[in-house]
$ cat work-v3.csv   # CSV, C-alpha atoms and all ligand atoms
chain,number,residue,atom,x,y,z
P,769,MET,CA,0.5,24.9,-90.2
P,770,GLU,CA,0.6,21.3,-89.1
P,771,ASP,CA,-1.9,19.1,-87.2
P,772,LEU,CA,-1.4,18.4,-83.5
P,773,GLY,CA,0.6,15.3,-84.2
P,774,SER,CA,1.1,12.9,-81.4
P,775,VAL,CA,-2.1,13.2,-79.4
P,776,VAL,CA,-4.8,10.5,-78.8
P,777,TRP,CA,-7.2,11.4,-81.6
P,778,PRO,CA,-10.1,11.6,-81.8
P,779,PRO,CA,-10.9,12.1,-78.1
P,780,GLU,CA,-14.3,11.2,-76.8
P,781,PRO,CA,-16.9,13.8,-77.9
P,782,ILE,CA,-16.7,16.8,-75.7
P,783,ARG,CA,-20.1,17.9,-74.4
P,784,THR,CA,-20.8,21.5,-73.3
P,785,GLU,CA,-24.1,23.0,-72.1
P,786,ARG,CA,-25.5,23.3,-75.7
P,787,LEU,CA,-22.9,21.7,-78.0
P,788,VAL,CA,-20.9,18.6,-78.8
P,789,LEU,CA,-17.3,18.8,-80.2
P,790,ARG,CA,-16.4,15.8,-82.2
P,791,ALA,CA,-14.3,14.5,-85.1
P,792,PRO,CA,-15.7,15.2,-88.6
P,793,GLU,CA,-17.9,12.5,-90.2
P,794,GLY,CA,-19.3,11.9,-93.6
P,795,ARG,CA,-22.6,13.5,-92.7
P,796,ASP,CA,-20.8,16.8,-92.2
P,797,ARG,CA,-19.5,17.1,-95.8
P,798,ALA,CA,-22.3,19.3,-97.1
P,799,VAL,CA,-21.8,21.7,-94.2
P,800,PHE,CA,-18.1,21.9,-94.8
P,801,VAL,CA,-18.7,22.8,-98.4
P,802,GLU,CA,-21.2,25.5,-97.3
P,803,LEU,CA,-18.8,26.8,-94.7
P,804,LEU,CA,-15.8,27.0,-97.1
P,805,ALA,CA,-17.9,28.5,-100.0
P,806,CYS,CA,-19.6,31.2,-97.8
P,807,PRO,CA,-18.5,34.7,-98.7
P,808,GLN,CA,-19.5,36.1,-95.2
P,809,VAL,CA,-17.4,33.5,-93.4
P,810,HIS,CA,-14.4,34.3,-95.5
P,811,ALA,CA,-14.8,38.1,-95.6
P,812,TYR,CA,-11.6,38.4,-93.5
P,813,LEU,CA,-10.0,35.2,-94.6
P,814,GLY,CA,-9.0,36.0,-98.2
P,815,GLY,CA,-12.3,35.1,-99.8
P,816,PRO,CA,-14.3,31.9,-100.2
P,817,ARG,CA,-13.5,29.0,-102.4
P,818,SER,CA,-15.6,28.1,-105.4
P,819,ARG,CA,-18.5,25.7,-104.6
P,820,ASP,CA,-17.9,23.7,-107.7
P,821,GLU,CA,-14.3,23.1,-106.8
P,822,LEU,CA,-15.2,22.2,-103.3
P,823,GLU,CA,-17.9,19.8,-104.5
P,824,ARG,CA,-15.2,18.1,-106.6
P,825,GLU,CA,-12.3,18.1,-104.2
P,826,THR,CA,-13.8,17.7,-100.7
P,827,PRO,CA,-13.2,14.1,-99.5
P,828,GLU,CA,-16.1,11.9,-98.2
P,829,VAL,CA,-15.0,12.6,-94.6
P,830,PRO,CA,-13.5,16.1,-94.7
P,831,GLU,CA,-10.9,17.7,-92.3
P,832,ARG,CA,-10.3,14.5,-90.3
P,833,TRP,CA,-7.0,15.4,-88.6
P,834,PRO,CA,-5.8,15.7,-85.0
P,835,GLY,CA,-7.0,19.1,-83.7
P,836,SER,CA,-10.0,19.5,-86.1
P,837,PHE,CA,-13.3,19.6,-84.2
P,838,VAL,CA,-16.7,19.8,-85.7
P,839,VAL,CA,-19.1,21.8,-83.5
P,840,ASP,CA,-22.4,20.1,-83.4
P,841,LEU,CA,-25.7,21.6,-82.3
P,842,ASP,CA,-28.6,19.1,-82.0
P,843,GLY,CA,-26.9,16.6,-84.3
P,844,VAL,CA,-26.0,19.1,-87.0
P,845,MET,CA,-22.7,20.7,-87.7
P,846,ILE,CA,-22.6,24.5,-87.2
P,847,GLY,CA,-18.9,25.2,-87.3
P,848,GLN,CA,-15.3,24.1,-86.9
P,849,VAL,CA,-12.7,24.7,-84.3
P,850,LEU,CA,-9.1,24.2,-85.5
P,851,LEU,CA,-6.1,23.6,-83.2
P,852,ARG,CA,-2.9,23.4,-85.2
P,853,ARG,CA,0.8,23.8,-84.8
P,854,ALA,CA,1.9,27.1,-86.3
P,855,THR,CA,5.0,25.9,-88.1
P,856,GLY,CA,6.3,28.3,-90.7
P,857,HIS,CA,4.4,31.3,-89.1
P,858,SER,CA,5.8,34.6,-90.3
P,859,ARG,CA,6.0,36.0,-86.7
P,860,PRO,CA,8.6,34.6,-84.4
P,861,ALA,CA,6.3,35.0,-81.4
P,862,ALA,CA,3.9,32.5,-83.0
P,863,GLU,CA,6.3,30.1,-84.7
P,864,GLY,CA,5.8,26.5,-83.5
P,865,ARG,CA,3.0,27.4,-81.0
P,866,ILE,CA,-0.4,25.9,-81.0
P,867,ASP,CA,-2.8,28.1,-83.0
P,868,LEU,CA,-6.6,28.5,-82.5
P,869,GLY,CA,-8.9,29.1,-85.5
P,870,TYR,CA,-12.7,29.1,-85.8
P,871,LEU,CA,-15.3,29.1,-88.5
P,872,PHE,CA,-19.0,29.2,-87.9
P,873,LEU,CA,-22.0,29.4,-90.3
P,874,PRO,CA,-23.5,32.9,-90.2
P,875,ARG,CA,-26.8,31.4,-89.0
P,876,ALA,CA,-25.0,30.3,-85.8
P,877,TRP,CA,-23.4,33.7,-85.1
P,878,GLY,CA,-24.6,35.9,-82.2
P,879,SER,CA,-25.6,33.1,-79.8
P,880,GLY,CA,-22.3,32.5,-78.0
P,881,TYR,CA,-21.8,29.1,-79.7
P,882,ALA,CA,-18.2,29.9,-80.9
P,883,GLY,CA,-17.2,31.1,-77.5
P,884,GLU,CA,-18.7,28.0,-75.8
P,885,ALA,CA,-17.0,25.7,-78.3
P,886,CYS,CA,-13.6,27.4,-78.2
P,887,ALA,CA,-13.5,27.4,-74.4
P,888,ALA,CA,-14.2,23.7,-74.4
P,889,ALA,CA,-11.6,23.0,-77.0
P,890,LEU,CA,-9.0,25.0,-75.0
P,891,ASP,CA,-9.9,23.1,-71.9
P,892,TRP,CA,-9.3,19.8,-73.7
P,893,LEU,CA,-6.0,21.2,-75.1
P,894,ALA,CA,-4.8,22.2,-71.6
P,895,GLY,CA,-5.1,18.5,-70.6
P,896,ALA,CA,-3.5,17.2,-73.8
P,897,PHE,CA,-0.7,19.8,-73.9
P,898,PRO,CA,-0.3,21.0,-70.4
P,899,GLY,CA,1.6,24.3,-70.0
P,900,GLU,CA,1.5,25.3,-73.6
P,901,PRO,CA,0.4,28.8,-74.6
P,902,VAL,CA,-2.0,29.2,-77.5
P,903,VAL,CA,-1.8,31.9,-80.3
P,904,LEU,CA,-4.4,33.3,-82.6
P,905,THR,CA,-4.1,35.5,-85.6
P,906,THR,CA,-7.1,37.4,-87.0
P,907,GLN,CA,-7.6,40.5,-89.0
P,908,SER,CA,-8.0,43.5,-86.6
P,909,ALA,CA,-11.0,44.6,-88.8
P,910,ASN,CA,-12.8,41.3,-87.9
P,911,THR,CA,-14.5,42.8,-84.9
P,912,ALA,CA,-16.6,39.6,-84.0
P,913,SER,CA,-13.4,37.6,-84.0
P,914,MET,CA,-11.5,40.2,-82.0
P,915,ARG,CA,-14.3,40.2,-79.4
P,916,LEU,CA,-14.3,36.4,-79.2
P,917,ALA,CA,-10.5,36.4,-78.8
P,918,ALA,CA,-10.7,38.8,-75.9
P,919,ARG,CA,-13.5,36.9,-74.2
P,920,LEU,CA,-11.4,33.7,-74.5
P,921,GLY,CA,-8.5,35.4,-72.7
P,922,PHE,CA,-6.2,36.2,-75.6
P,923,THR,CA,-4.1,39.4,-75.2
P,924,GLU,CA,-2.3,41.3,-77.9
P,925,VAL,CA,1.3,40.4,-78.8
P,926,GLU,CA,1.6,42.6,-81.9
P,927,ARG,CA,-0.1,43.8,-85.0
P,928,PHE,CA,1.4,43.3,-88.4
P,929,GLU,CA,0.6,43.7,-92.1
P,930,ALA,CA,0.0,40.6,-94.1
P,931,TRP,CA,-2.3,39.4,-96.9
P,932,GLY,CA,-3.1,43.1,-97.6
P,933,ALA,CA,-4.6,43.9,-94.2
P,934,GLU,CA,-3.6,44.5,-90.5
P,935,GLN,CA,-3.4,41.3,-88.6
P,936,TRP,CA,-3.7,40.9,-84.8
P,937,LEU,CA,-1.6,38.3,-83.1
P,938,GLY,CA,-2.8,37.3,-79.6
P,939,MET,CA,-1.6,34.8,-77.1
P,940,ARG,CA,-3.3,33.0,-74.2
P,941,ALA,CA,-1.1,32.0,-71.3
P,942,PRO,CA,-1.5,28.4,-70.1
P,943,ALA,CA,-3.6,27.9,-67.0
P,944,THR,CA,-1.6,27.9,-63.8
P,945,PRO,CA,-1.8,24.5,-62.1
Z,1001,LIG,C1,-15.6,34.9,-85.4
Z,1001,LIG,C2,-17.0,34.2,-85.2
Z,1001,LIG,C3,-16.7,32.7,-84.9
Z,1001,LIG,C4,-17.6,34.9,-84.0
Z,1001,LIG,O1,-19.0,34.4,-83.9
Z,1001,LIG,P1,-19.9,34.9,-82.7
Z,1001,LIG,O2,-21.2,34.2,-82.8
Z,1001,LIG,O3,-20.0,36.4,-82.8
Z,1001,LIG,O4,-19.1,34.6,-81.4
Z,1001,LIG,P2,-19.6,34.1,-80.0
Z,1001,LIG,O5,-19.9,32.7,-79.9
Z,1001,LIG,O6,-18.5,34.6,-79.0
Z,1001,LIG,O7,-20.9,34.9,-79.7
Z,1001,LIG,C5,-20.9,36.2,-79.2
Z,1001,LIG,C6,-22.2,36.9,-79.5
Z,1001,LIG,O8,-23.3,36.1,-79.1
Z,1001,LIG,C7,-24.1,36.8,-78.2
Z,1001,LIG,N1,-24.8,35.8,-77.3
Z,1001,LIG,C8,-26.1,35.5,-77.4
Z,1001,LIG,N2,-26.3,34.5,-76.5
Z,1001,LIG,C9,-25.1,34.2,-75.8
Z,1001,LIG,C10,-24.8,33.3,-74.8
Z,1001,LIG,N3,-25.6,32.5,-74.3
Z,1001,LIG,N4,-23.5,33.3,-74.4
Z,1001,LIG,C11,-22.6,34.1,-75.0
Z,1001,LIG,N5,-22.9,35.0,-75.9
Z,1001,LIG,C12,-24.2,35.1,-76.4
Z,1001,LIG,C13,-23.2,37.8,-77.6
Z,1001,LIG,O9,-23.9,38.9,-77.0
Z,1001,LIG,C14,-22.3,38.2,-78.7
Z,1001,LIG,O10,-23.0,39.1,-79.6
Z,1001,LIG,P3,-22.4,40.4,-80.2
Z,1001,LIG,O11,-21.2,40.0,-80.9
Z,1001,LIG,O12,-23.4,41.0,-81.0
Z,1001,LIG,O13,-21.9,41.2,-79.0
Z,1001,LIG,C15,-17.9,34.3,-86.5
Z,1001,LIG,O14,-18.1,35.6,-86.7
Z,1001,LIG,C16,-17.3,33.6,-87.7
Z,1001,LIG,O15,-17.4,32.4,-87.8
Z,1001,LIG,N6,-16.6,34.4,-88.6
Z,1001,LIG,C17,-16.1,33.9,-89.8
Z,1001,LIG,C18,-14.8,33.1,-89.6
Z,1001,LIG,C19,-13.7,34.0,-89.0
Z,1001,LIG,O16,-13.6,35.2,-89.4
Z,1001,LIG,N7,-12.8,33.4,-88.2
Z,1001,LIG,C20,-11.7,34.2,-87.6
Z,1001,LIG,C21,-10.4,33.7,-88.0
Z,1001,LIG,S1,-9.7,32.6,-86.9
$ encode --input "work-v3.csv" --output "structure tokens" --more "lines below"
Ligand SMILES: CC(C)(COP(=O)(O)OP(=O)(O)OC[C@H]1O[C@@H](n2cnc3c(N)ncnc32)[C@H](O)[C@@H]1OP(=O)(O)O)[C@@H](O)C(=O)NCCC(=O)NCCS
Amino acid sequence: MEDLGSVVWPPEPIRTERLVLRAPEGRDRAVFVELLACPQVHAYLGGPRSRDELERETPEVPERWPGSFVVDLDGVMIGQVLLRRATGHSRPAAEGRIDLGYLFLPRAWGSGYAGEACAAALDWLAGAFPGEPVVLTTQSANTASMRLAARLGFTEVERFEAWGAEQWLGMRAPATP
């Protein structure tokens, strides 16, 4: 995976009904550590990282790269939306395409925040990379993620085995002008 490369970054913060999508800042560091160390968040992502290691290795301003949005609710980070170029993807249908990922703190699940944030990020992407489809890979057992992918308009390309589990590869066609 690579970042989005040649795009004006960061964009102006994106405001939705309840959220702001913005570039990471130093004040988000503790939440990044919490997010990456959380077993629930990483139940379908190969397991969490050790909190000690994260405390040692996380930079002062984490995850500051083109395509990495912090999702902010009332001034506090609740999750991250990741838009990356899927270089080196094992599936030809996804190779080189823009890939959507999302990680939210468990206390922010079940309120539609991930859907609201991802829809806004995809709208921004459609302006920055017009005409490009977006892919998404998630474990098919990750039912919350599968529901979110469907709500965002991703449809199944294929299922495949990797990392010891069945993976679902979805694609979202670009909006027609
Ligand atoms: C995947 C993940 C982001 C989904 O979070 P989520 O909160 O379930 O997703 P949404 O934002 O779409 O919210 C939908 C839920 O909010 C509820 N909801 C409440 N108020 C809502 C509102 N105003 N608008 C929309 N949905 C609302 C919906 O009914 C739905 O609940 P349900 O799942 O019980 O039916 C979250 O589980 C997560 O961070 N998991 C760990 C990371 C991960 O596995 N990522 C996938 C790999 S890319």
$ residues_near_ligand --input "work-v3.csv" --ligand "ligand LIG 1001 (chain Z)" --cutoff "6 Å" --atoms "only C-alpha atoms and all ligand atoms" --output "number ranges by chain"
P: 809-810, 812, 869-872, 877-883, 906, 912-913, 916
$ residues_around --input "work-v3.csv" --residues "Glu926 in chain P" --least-positions-apart "5" --cutoff "8 Å" --atoms "all atoms listed in the file" --output "PyMOL selection string"
chain P and resi 936-938
$ residues_around --input "work-v3.csv" --residues "Gln808 in chain P" --least-positions-apart "3" --cutoff "12 Å" --atoms "only C-alpha atoms" --output "list of chain:residue names"
P:Glu802, P:Leu803, P:Leu804, P:Ala805, P:Ala811, P:Tyr812, P:Leu813, P:Gly814, P:Gly815, P:Pro816, P:Arg817, P:Leu871, P:Phe872, P:Leu873, P:Pro874, P:Arg875, P:Trp877, P:Asn910
$ residues_around --input "work-v3.csv" --residues "range 792-797 of chain P" --least-positions-apart "3" --cutoff "8 Å" --atoms "all atoms listed in the file" --output "PDB file with C-alpha atoms, in the coordinates of the input"
ATOM      1  CA  PHE P 800     -18.100  21.900 -94.800  1.00  0.00           C
ATOM      2  CA  VAL P 801     -18.700  22.800 -98.400  1.00  0.00           C
ATOM      3  CA  THR P 826     -13.800  17.700-100.700  1.00  0.00           C
ATOM      4  CA  PRO P 827     -13.200  14.100 -99.500  1.00  0.00           C
ATOM      5  CA  GLU P 828     -16.100  11.900 -98.200  1.00  0.00           C
ATOM      6  CA  VAL P 829     -15.000  12.600 -94.600  1.00  0.00           C
ATOM      7  CA  PRO P 830     -13.500  16.100 -94.700  1.00  0.00           C
ATOM      8  CA  GLU P 831     -10.900  17.700 -92.300  1.00  0.00           C
ATOM      9  CA  ARG P 832     -10.300  14.500 -90.300  1.00  0.00           C
ATOM     10  CA  SER P 836     -10.000  19.500 -86.100  1.00  0.00           C
ATOM     11  CA  PHE P 837     -13.300  19.600 -84.200  1.00  0.00           C
ATOM     12  CA  VAL P 838     -16.700  19.800 -85.700  1.00  0.00           C
ATOM     13  CA  VAL P 844     -26.000  19.100 -87.000  1.00  0.00           C
ATOM     14  CA  MET P 845     -22.700  20.700 -87.700  1.00  0.00           C
TER      15      MET P 845
END
$ closest_residue --input "work-v3.csv" --among "P:Ala854, P:Ala862, P:Ala887, P:Ala876" --to "Glu770 in chain P" --atoms "only C-alpha atoms"
P:Ala854
$ closest_residue --input "work-v3.csv" --among "P:Ser858, P:Thr923, P:Thr905, P:Thr911" --to "Gln935 in chain P" --atoms "only C-alpha atoms"
P:Thr905
$ residues_around --input "work-v3.csv" --residues "Pro779 in chain P" --least-positions-apart "6" --cutoff "12 Å" --atoms "all atoms listed in the file" --output "MDAnalysis selection string"
chainID P and resid 788:792 833:837 889 892:893 895:896
$ residues_near_point --input "work-v3.csv" --point "(-3.6, 25.0, -81.4)" --cutoff "6 Å" --atoms "all atoms listed in the file" --output "list in words"
Leu851, Arg852, Arg853, Ile866, Asp867, Leu868 and Val902 of chain P
$ atom_distance --input "work-v3.csv" --atom1 "CA of Arg819 in chain P" --atom2 "CA of Cys806 in chain P"
8.8 Å
$ atom_distance --input "work-v3.csv" --atom1 "CA of Leu920 in chain P" --atom2 "CA of Ala943 in chain P"
12.3 Å
$ closest_residue --input "work-v3.csv" --among "P:Val925, P:Leu850, P:Leu772, P:Ala933" --to "Ser908 in chain P" --atoms "all atoms listed in the file"
P:Ala933
$ atom_distance --input "work-v3.csv" --atom1 "CA of Gly921 in chain P" --atom2 "CA of Gly847 in chain P"
20.6 Å
$ closest_residue --input "work-v3.csv" --among "P:Glu924, P:Ile782, P:Val799, P:Leu822" --to "Leu890 in chain P" --atoms "only C-alpha atoms"
P:Ile782
